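Written below as structure tokens is the structure these notes are about.
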Amino acid sequence: MNPETQTRTHAELVVEVGPIAHGGHCVARHEGRVVFVRHAIPGEKVRIRLTDAGEDSKFWRADVVEVLEASPDRVPHFWHVADSLRAWSHGHPPVGGAELGHVLLERQRSLKAEVLAEQLKRLAGVEHPAVWADPAGRENIVEAVGEAAAADGTPGAAGLGWRTRASFAVTPAGKLGMHAHRSDQVIAIREMPLAVAGINELKLWDADLQGVERVEVAAPANGSRPLVLLAPSAGTRAKRLSGILAQLPDDVSVASFDPAKGEVLQLRGRTWVQETAAGHEYRVTGEGFWQIHRDAPETLVGAVKGFLHDGGYLEPGAVVADLYAGAGLFTAALADAVGVTGSVLSVEGAPGTSRDARKNLHGAPQVEIVQGRVERVLRQKPRNFDAVVLDPPRAGAGKAVVSQLMAAGPRAVAYVSCDPASFARDLGYFQQGGWSLAGLRAFDLYPHTHHMETVALLTPPA
């Protein structure tokens, strides 16, 4: 960082806060320059601290450090280390992962709806789609999922305790921590209010984690045995891991993993967790993907089946595909729907996760599990699908996969997305091929963050 940039990143400015933007920040301007401000609400007047402000940068980034004129939707943040005002008053930035915790939940969802509508308009040319509605007919909303207030009835405590998975860093002193946004700085924590009780009850913040760089925790919503994954630093000896193991509860599985190699080594118990959803049991190994909100699997399976079944695309004997299938959440539901007279092609790129899918679906003869890149498998196994479930990673499916899908000629695609920008881009590719957005639902599966999940029904030209 050059001296000019360093000086500017310590500067404070007063700005009027503009509209919400994709990524968890609002847009403000200072002397004509765009400033992306986190921890604000549109319409507020705030004092900000510049966190990324190079002289030649097209835009700057900043955190709110003082609210001069507050929005009526501002509430006290539920988590001190994630509260920008409190954190900076103690001389450090807030941790990431709860950037909307200062906003009333109802307003959070309206802001997310604005972001989704803006992305659809800008990247796909879709304006105020009437098809974006929940089952009750309410248009352009982001639906609450599993919402419940705290036991004491405090509204501000709603939207907590939903994460069944959490990722932590480790401070130089060996204490559990989290990164500040867009930073290598790790801040020690002593609670994770967004996580289910099974994660907080481990009290990992009391452990000496020296020799470990990262900790991943999975605590299934069904109450089955949690798993703690430790990513050792280079040169960490087995004796040090044994010392950490001795600090963790006996009824918790513990494993070490190498993110670069994708290797998971058993230290105690098993290297996987048992998940439950839509009447099925699922084995999910190590860092294998699973929806993190405790109610997300049931919610998303219900939305996908609702679109495909109501449209007549999912019935006994149908030929369907589940692309980017993970451990088989949607595959199992599709197999139930098409029955033994139908067929399901399930494609997953990660070898370990694909092995989980094989174990999870071994009793369904109508399912073919293939490990590999989606675009390669579609080329090697061409077939005419009645319906396709498309659940790509955050980056989206991309133009090549969308083109291959349209060429395969399915009657419908149910697109599940965790990123409105990549979804809108892919929707644009479908529309260039004459396809239509026939249905769309949005879910607040990540309360107090800027993230959301969407499920869309896409249909080919008549």
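A note on labels: chains of the structure tokens are A, B, ... as shown, every chain counts residues from 1, and ligands are counted from 1 in their shown order.
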
Near A:Leu50, counting only C-alpha atoms, which residues have an atom at most 8 Å away, once you skip same-chain residues fewer than 3 positions from it, shown as an mmCIF file with all heavy atoms, in the first residue's frame?
data_model
loop_
_atom_site.group_PDB
_atom_site.id
_atom_site.type_symbol
_atom_site.label_atom_id
_atom_site.label_comp_id
_atom_site.auth_asym_id
_atom_site.auth_seq_id
_atom_site.Cartn_x
_atom_site.Cartn_y
_atom_site.Cartn_z
ATOM 1 N N ARG A 8 -5.313 7.899 3.125
ATOM 2 C CA ARG A 8 -6.730 8.023 2.809
ATOM 3 C C ARG A 8 -7.562 6.963 3.534
ATOM 4 O O ARG A 8 -8.693 7.231 3.929
ATOM 5 C CB ARG A 8 -6.955 7.914 1.302
ATOM 6 C CG ARG A 8 -6.528 9.171 0.545
ATOM 7 C CD ARG A 8 -6.965 9.105 -0.890
ATOM 8 N NE ARG A 8 -6.613 10.317 -1.604
ATOM 9 C CZ ARG A 8 -7.322 11.434 -1.587
ATOM 10 N NH1 ARG A 8 -8.439 11.477 -0.868
ATOM 11 N NH2 ARG A 8 -6.946 12.492 -2.252
ATOM 12 N N THR A 9 -7.039 5.739 3.708
ATOM 13 C CA THR A 9 -7.839 4.701 4.354
ATOM 14 C C THR A 9 -8.045 4.986 5.838
ATOM 15 O O THR A 9 -8.848 4.316 6.480
ATOM 16 C CB THR A 9 -7.184 3.316 4.187
ATOM 17 O OG1 THR A 9 -5.841 3.355 4.692
ATOM 18 C CG2 THR A 9 -7.180 2.899 2.743
ATOM 19 N N HIS A 10 -7.343 5.963 6.383
ATOM 20 C CA HIS A 10 -7.568 6.354 7.768
ATOM 21 C C HIS A 10 -8.517 7.553 7.864
ATOM 22 O O HIS A 10 -8.858 7.980 8.967
ATOM 23 C CB HIS A 10 -6.245 6.699 8.451
ATOM 24 C CG HIS A 10 -5.352 5.516 8.630
ATOM 25 N ND1 HIS A 10 -4.010 5.632 8.913
ATOM 26 C CD2 HIS A 10 -5.602 4.192 8.555
ATOM 27 C CE1 HIS A 10 -3.480 4.427 9.014
ATOM 28 N NE2 HIS A 10 -4.424 3.541 8.798
ATOM 29 N N ALA A 11 -8.909 8.079 6.715
ATOM 30 C CA ALA A 11 -9.718 9.296 6.710
ATOM 31 C C ALA A 11 -11.171 9.000 7.045
ATOM 32 O O ALA A 11 -11.667 7.894 6.826
ATOM 33 C CB ALA A 11 -9.616 9.975 5.351
ATOM 34 N N GLU A 12 -11.846 10.018 7.571
ATOM 35 C CA GLU A 12 -13.281 9.925 7.850
ATOM 36 C C GLU A 12 -14.012 11.029 7.088
ATOM 37 O O GLU A 12 -13.511 12.151 6.964
ATOM 38 C CB GLU A 12 -13.558 10.027 9.346
ATOM 39 C CG GLU A 12 -13.023 8.829 10.125
ATOM 40 C CD GLU A 12 -13.440 8.848 11.581
ATOM 41 O OE1 GLU A 12 -14.119 9.821 12.004
ATOM 42 O OE2 GLU A 12 -13.105 7.893 12.303
ATOM 43 N N LEU A 13 -15.201 10.683 6.561
ATOM 44 C CA LEU A 13 -16.011 11.600 5.779
ATOM 45 C C LEU A 13 -17.445 11.533 6.265
ATOM 46 O O LEU A 13 -17.865 10.545 6.882
ATOM 47 C CB LEU A 13 -15.978 11.219 4.293
ATOM 48 C CG LEU A 13 -14.616 11.059 3.616
ATOM 49 C CD1 LEU A 13 -14.813 10.436 2.226
ATOM 50 C CD2 LEU A 13 -13.915 12.401 3.505
ATOM 51 N N ALA A 53 -9.157 3.025 -0.337
ATOM 52 C CA ALA A 53 -9.353 4.322 -0.989
ATOM 53 C C ALA A 53 -8.122 4.760 -1.768
ATOM 54 O O ALA A 53 -7.545 5.825 -1.517
ATOM 55 C CB ALA A 53 -9.720 5.378 0.060
ATOM 56 N N TRP A 60 -14.323 3.895 -3.847
ATOM 57 C CA TRP A 60 -13.743 3.636 -2.528
ATOM 58 C C TRP A 60 -14.698 2.749 -1.731
ATOM 59 O O TRP A 60 -15.870 2.585 -2.068
ATOM 60 C CB TRP A 60 -13.547 4.954 -1.777
ATOM 61 C CG TRP A 60 -12.452 5.815 -2.343
ATOM 62 C CD1 TRP A 60 -11.487 5.442 -3.237
ATOM 63 C CD2 TRP A 60 -12.208 7.194 -2.050
ATOM 64 N NE1 TRP A 60 -10.655 6.490 -3.514
ATOM 65 C CE2 TRP A 60 -11.071 7.587 -2.793
ATOM 66 C CE3 TRP A 60 -12.824 8.133 -1.223
ATOM 67 C CZ2 TRP A 60 -10.552 8.873 -2.742
ATOM 68 C CZ3 TRP A 60 -12.305 9.421 -1.169
ATOM 69 C CH2 TRP A 60 -11.187 9.782 -1.924
ATOM 70 N N ARG A 61 -14.163 2.179 -0.652
ATOM 71 C CA ARG A 61 -14.959 1.386 0.288
ATOM 72 C C ARG A 61 -14.845 2.001 1.678
ATOM 73 O O ARG A 61 -13.801 2.575 2.018
ATOM 74 C CB ARG A 61 -14.486 -0.067 0.316
ATOM 75 C CG ARG A 61 -14.641 -0.792 -1.014
ATOM 76 C CD ARG A 61 -14.158 -2.236 -0.912
ATOM 77 N NE ARG A 61 -14.199 -2.909 -2.206
ATOM 78 C CZ ARG A 61 -15.265 -3.502 -2.722
ATOM 79 N NH1 ARG A 61 -16.393 -3.532 -1.997
ATOM 80 N NH2 ARG A 61 -15.233 -4.082 -3.891
ATOM 81 N N ALA A 62 -15.912 1.835 2.465
ATOM 82 C CA ALA A 62 -15.900 2.452 3.793
ATOM 83 C C ALA A 62 -16.869 1.728 4.723
ATOM 84 O O ALA A 62 -17.794 1.037 4.277
ATOM 85 C CB ALA A 62 -16.281 3.926 3.697
ATOM 86 N N ASP A 63 -16.633 1.905 6.017
ATOM 87 C CA ASP A 63 -17.540 1.426 7.066
ATOM 88 C C ASP A 63 -18.136 2.624 7.792
ATOM 89 O O ASP A 63 -17.464 3.656 7.957
ATOM 90 C CB ASP A 63 -16.795 0.577 8.097
ATOM 91 C CG ASP A 63 -16.422 -0.804 7.585
ATOM 92 O OD1 ASP A 63 -16.939 -1.209 6.524
ATOM 93 O OD2 ASP A 63 -15.607 -1.479 8.247
#

**OP:** Could you give me, as a list of chain:residue names, each residue of stretch 123-202 of chain A that DSSP assigns to strand (DSSP E or B) when run on this structure's backbone?
**Re:** A:Trp132, A:Ala133, A:Glu139, A:Val142, A:Glu143, A:Ala144, A:Arg163, A:Arg165, A:Ala166, A:Ser167, A:Phe168, A:Ala169, A:Val170, A:Leu176, A:Gly177, A:Met178, A:His179, A:Ala180, A:Val186, A:Ile187, A:Ala188, A:Ala195

Subject >> Secondary structure check, helix (DSSP H, G or I) residues of stretch 327-453 of chain A, as a PyMOL selection string >> reply: chain A and resi 329-338+351-360+374-380+399-408+420-432

Generate a file of the selected residues that holds N, CA and C atoms, formatted as a compact mmCIF listing (two decimals), in the first residue's frame.
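So again_2.txt came out as:
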# COMPACT_ATOMS: atom_id res chain seq x y z
N LEU A 329 -29.29 -33.96 -2.62
CA LEU A 329 -30.51 -33.43 -2.02
C LEU A 329 -31.67 -33.45 -3.02
N PHE A 330 -31.49 -32.81 -4.17
CA PHE A 330 -32.56 -32.77 -5.17
C PHE A 330 -32.68 -34.11 -5.91
N THR A 331 -31.57 -34.82 -6.06
CA THR A 331 -31.61 -36.10 -6.77
C THR A 331 -32.59 -37.06 -6.13
N ALA A 332 -32.54 -37.16 -4.81
CA ALA A 332 -33.43 -38.08 -4.10
C ALA A 332 -34.89 -37.69 -4.30
N ALA A 333 -35.19 -36.40 -4.23
CA ALA A 333 -36.56 -35.94 -4.43
C ALA A 333 -37.03 -36.21 -5.86
N LEU A 334 -36.14 -36.01 -6.83
CA LEU A 334 -36.49 -36.29 -8.22
C LEU A 334 -36.74 -37.78 -8.43
N ALA A 335 -35.90 -38.61 -7.81
CA ALA A 335 -36.07 -40.06 -7.94
C ALA A 335 -37.41 -40.52 -7.39
N ASP A 336 -37.82 -39.93 -6.27
CA ASP A 336 -39.14 -40.25 -5.71
C ASP A 336 -40.24 -39.90 -6.70
N ALA A 337 -40.10 -38.75 -7.34
CA ALA A 337 -41.17 -38.26 -8.22
C ALA A 337 -41.28 -39.06 -9.51
N VAL A 338 -40.16 -39.44 -10.12
CA VAL A 338 -40.22 -40.13 -11.41
C VAL A 338 -40.42 -41.63 -11.26
N PRO A 351 -15.08 -34.98 -6.37
CA PRO A 351 -15.04 -36.43 -6.20
C PRO A 351 -15.61 -36.91 -4.86
N GLY A 352 -15.22 -36.24 -3.75
CA GLY A 352 -15.71 -36.67 -2.45
C GLY A 352 -17.21 -36.53 -2.32
N THR A 353 -17.74 -35.44 -2.80
CA THR A 353 -19.19 -35.21 -2.72
C THR A 353 -19.93 -36.18 -3.63
N SER A 354 -19.36 -36.50 -4.77
CA SER A 354 -19.98 -37.47 -5.68
C SER A 354 -20.02 -38.85 -5.03
N ARG A 355 -18.97 -39.20 -4.27
CA ARG A 355 -19.00 -40.48 -3.55
C ARG A 355 -20.11 -40.50 -2.52
N ASP A 356 -20.32 -39.37 -1.85
CA ASP A 356 -21.44 -39.28 -0.91
C ASP A 356 -22.76 -39.53 -1.63
N ALA A 357 -22.92 -38.92 -2.80
CA ALA A 357 -24.16 -39.09 -3.56
C ALA A 357 -24.39 -40.56 -3.90
N ARG A 358 -23.34 -41.27 -4.25
CA ARG A 358 -23.48 -42.70 -4.56
C ARG A 358 -23.97 -43.47 -3.35
N LYS A 359 -23.43 -43.15 -2.19
CA LYS A 359 -23.87 -43.84 -0.97
C LYS A 359 -25.32 -43.47 -0.63
N ASN A 360 -25.64 -42.18 -0.81
CA ASN A 360 -26.98 -41.72 -0.45
C ASN A 360 -28.06 -42.24 -1.39
N VAL A 374 -19.98 -30.49 -15.51
CA VAL A 374 -21.30 -30.57 -16.11
C VAL A 374 -21.23 -30.48 -17.63
N GLU A 375 -20.43 -29.55 -18.16
CA GLU A 375 -20.38 -29.38 -19.61
C GLU A 375 -19.84 -30.64 -20.31
N ARG A 376 -18.87 -31.32 -19.65
CA ARG A 376 -18.33 -32.54 -20.25
C ARG A 376 -19.35 -33.66 -20.23
N VAL A 377 -20.04 -33.82 -19.10
CA VAL A 377 -21.03 -34.90 -18.98
C VAL A 377 -22.18 -34.69 -19.95
N LEU A 378 -22.61 -33.45 -20.13
CA LEU A 378 -23.70 -33.18 -21.08
C LEU A 378 -23.29 -33.54 -22.51
N ARG A 379 -22.01 -33.35 -22.83
CA ARG A 379 -21.54 -33.74 -24.16
C ARG A 379 -21.49 -35.25 -24.32
N GLN A 380 -21.04 -35.93 -23.26
CA GLN A 380 -20.83 -37.38 -23.34
C GLN A 380 -22.13 -38.18 -23.20
N LYS A 399 -22.33 -19.27 -19.80
CA LYS A 399 -22.94 -19.30 -21.12
C LYS A 399 -22.82 -20.67 -21.79
N ALA A 400 -21.67 -21.35 -21.63
CA ALA A 400 -21.47 -22.64 -22.30
C ALA A 400 -22.45 -23.68 -21.80
N VAL A 401 -22.62 -23.79 -20.48
CA VAL A 401 -23.54 -24.77 -19.92
C VAL A 401 -24.98 -24.44 -20.30
N VAL A 402 -25.34 -23.16 -20.23
CA VAL A 402 -26.70 -22.76 -20.61
C VAL A 402 -26.98 -23.12 -22.07
N SER A 403 -26.02 -22.89 -22.93
CA SER A 403 -26.20 -23.23 -24.36
C SER A 403 -26.38 -24.73 -24.54
N GLN A 404 -25.59 -25.53 -23.82
CA GLN A 404 -25.73 -26.98 -23.91
C GLN A 404 -27.09 -27.43 -23.40
N LEU A 405 -27.55 -26.82 -22.33
CA LEU A 405 -28.85 -27.19 -21.78
C LEU A 405 -29.98 -26.88 -22.76
N MET A 406 -29.94 -25.70 -23.34
CA MET A 406 -30.99 -25.35 -24.30
C MET A 406 -30.97 -26.30 -25.49
N ALA A 407 -29.76 -26.70 -25.92
CA ALA A 407 -29.65 -27.63 -27.05
C ALA A 407 -30.19 -29.01 -26.71
N ALA A 408 -30.14 -29.38 -25.41
CA ALA A 408 -30.65 -30.69 -24.99
C ALA A 408 -32.17 -30.75 -25.04
N PRO A 420 -27.83 -13.36 -6.91
CA PRO A 420 -28.73 -12.75 -7.89
C PRO A 420 -28.03 -12.26 -9.15
N ALA A 421 -26.74 -11.88 -9.05
CA ALA A 421 -26.03 -11.38 -10.23
C ALA A 421 -25.75 -12.51 -11.21
N SER A 422 -25.20 -13.62 -10.74
CA SER A 422 -24.90 -14.73 -11.66
C SER A 422 -26.19 -15.35 -12.19
N PHE A 423 -27.23 -15.38 -11.36
CA PHE A 423 -28.52 -15.88 -11.85
C PHE A 423 -29.05 -14.99 -12.97
N ALA A 424 -29.00 -13.68 -12.76
CA ALA A 424 -29.51 -12.76 -13.79
C ALA A 424 -28.71 -12.89 -15.08
N ARG A 425 -27.39 -13.05 -14.98
CA ARG A 425 -26.58 -13.22 -16.20
C ARG A 425 -26.99 -14.49 -16.94
N ASP A 426 -27.14 -15.59 -16.19
CA ASP A 426 -27.54 -16.84 -16.83
C ASP A 426 -28.94 -16.74 -17.41
N LEU A 427 -29.84 -16.06 -16.71
CA LEU A 427 -31.18 -15.85 -17.23
C LEU A 427 -31.12 -15.10 -18.55
N GLY A 428 -30.22 -14.13 -18.64
CA GLY A 428 -30.04 -13.40 -19.89
C GLY A 428 -29.65 -14.33 -21.03
N TYR A 429 -28.77 -15.30 -20.76
CA TYR A 429 -28.37 -16.26 -21.79
C TYR A 429 -29.56 -17.11 -22.22
N PHE A 430 -30.36 -17.55 -21.25
CA PHE A 430 -31.56 -18.32 -21.60
C PHE A 430 -32.50 -17.49 -22.47
N GLN A 431 -32.69 -16.24 -22.12
CA GLN A 431 -33.62 -15.39 -22.87
C GLN A 431 -33.11 -15.13 -24.28
N GLN A 432 -31.80 -15.06 -24.47
CA GLN A 432 -31.25 -14.91 -25.81
C GLN A 432 -31.60 -16.11 -26.68

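As for atom CA of A:Asn384 and atom CA of A:Gly409, they are spaced 6.2 Å apart.
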
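When only C-alpha atoms are used to compute distances to A:Trp290, the closest of the residues A:Arg86, A:Arg163, A:Arg268, A:His92 turns out to be A:Arg163.
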
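Distances to A:Ala414 were evaluated for A:Thr449, A:Thr454, A:Thr271, A:Ser253 using only C-alpha atoms, and the minimum falls at A:Thr454.
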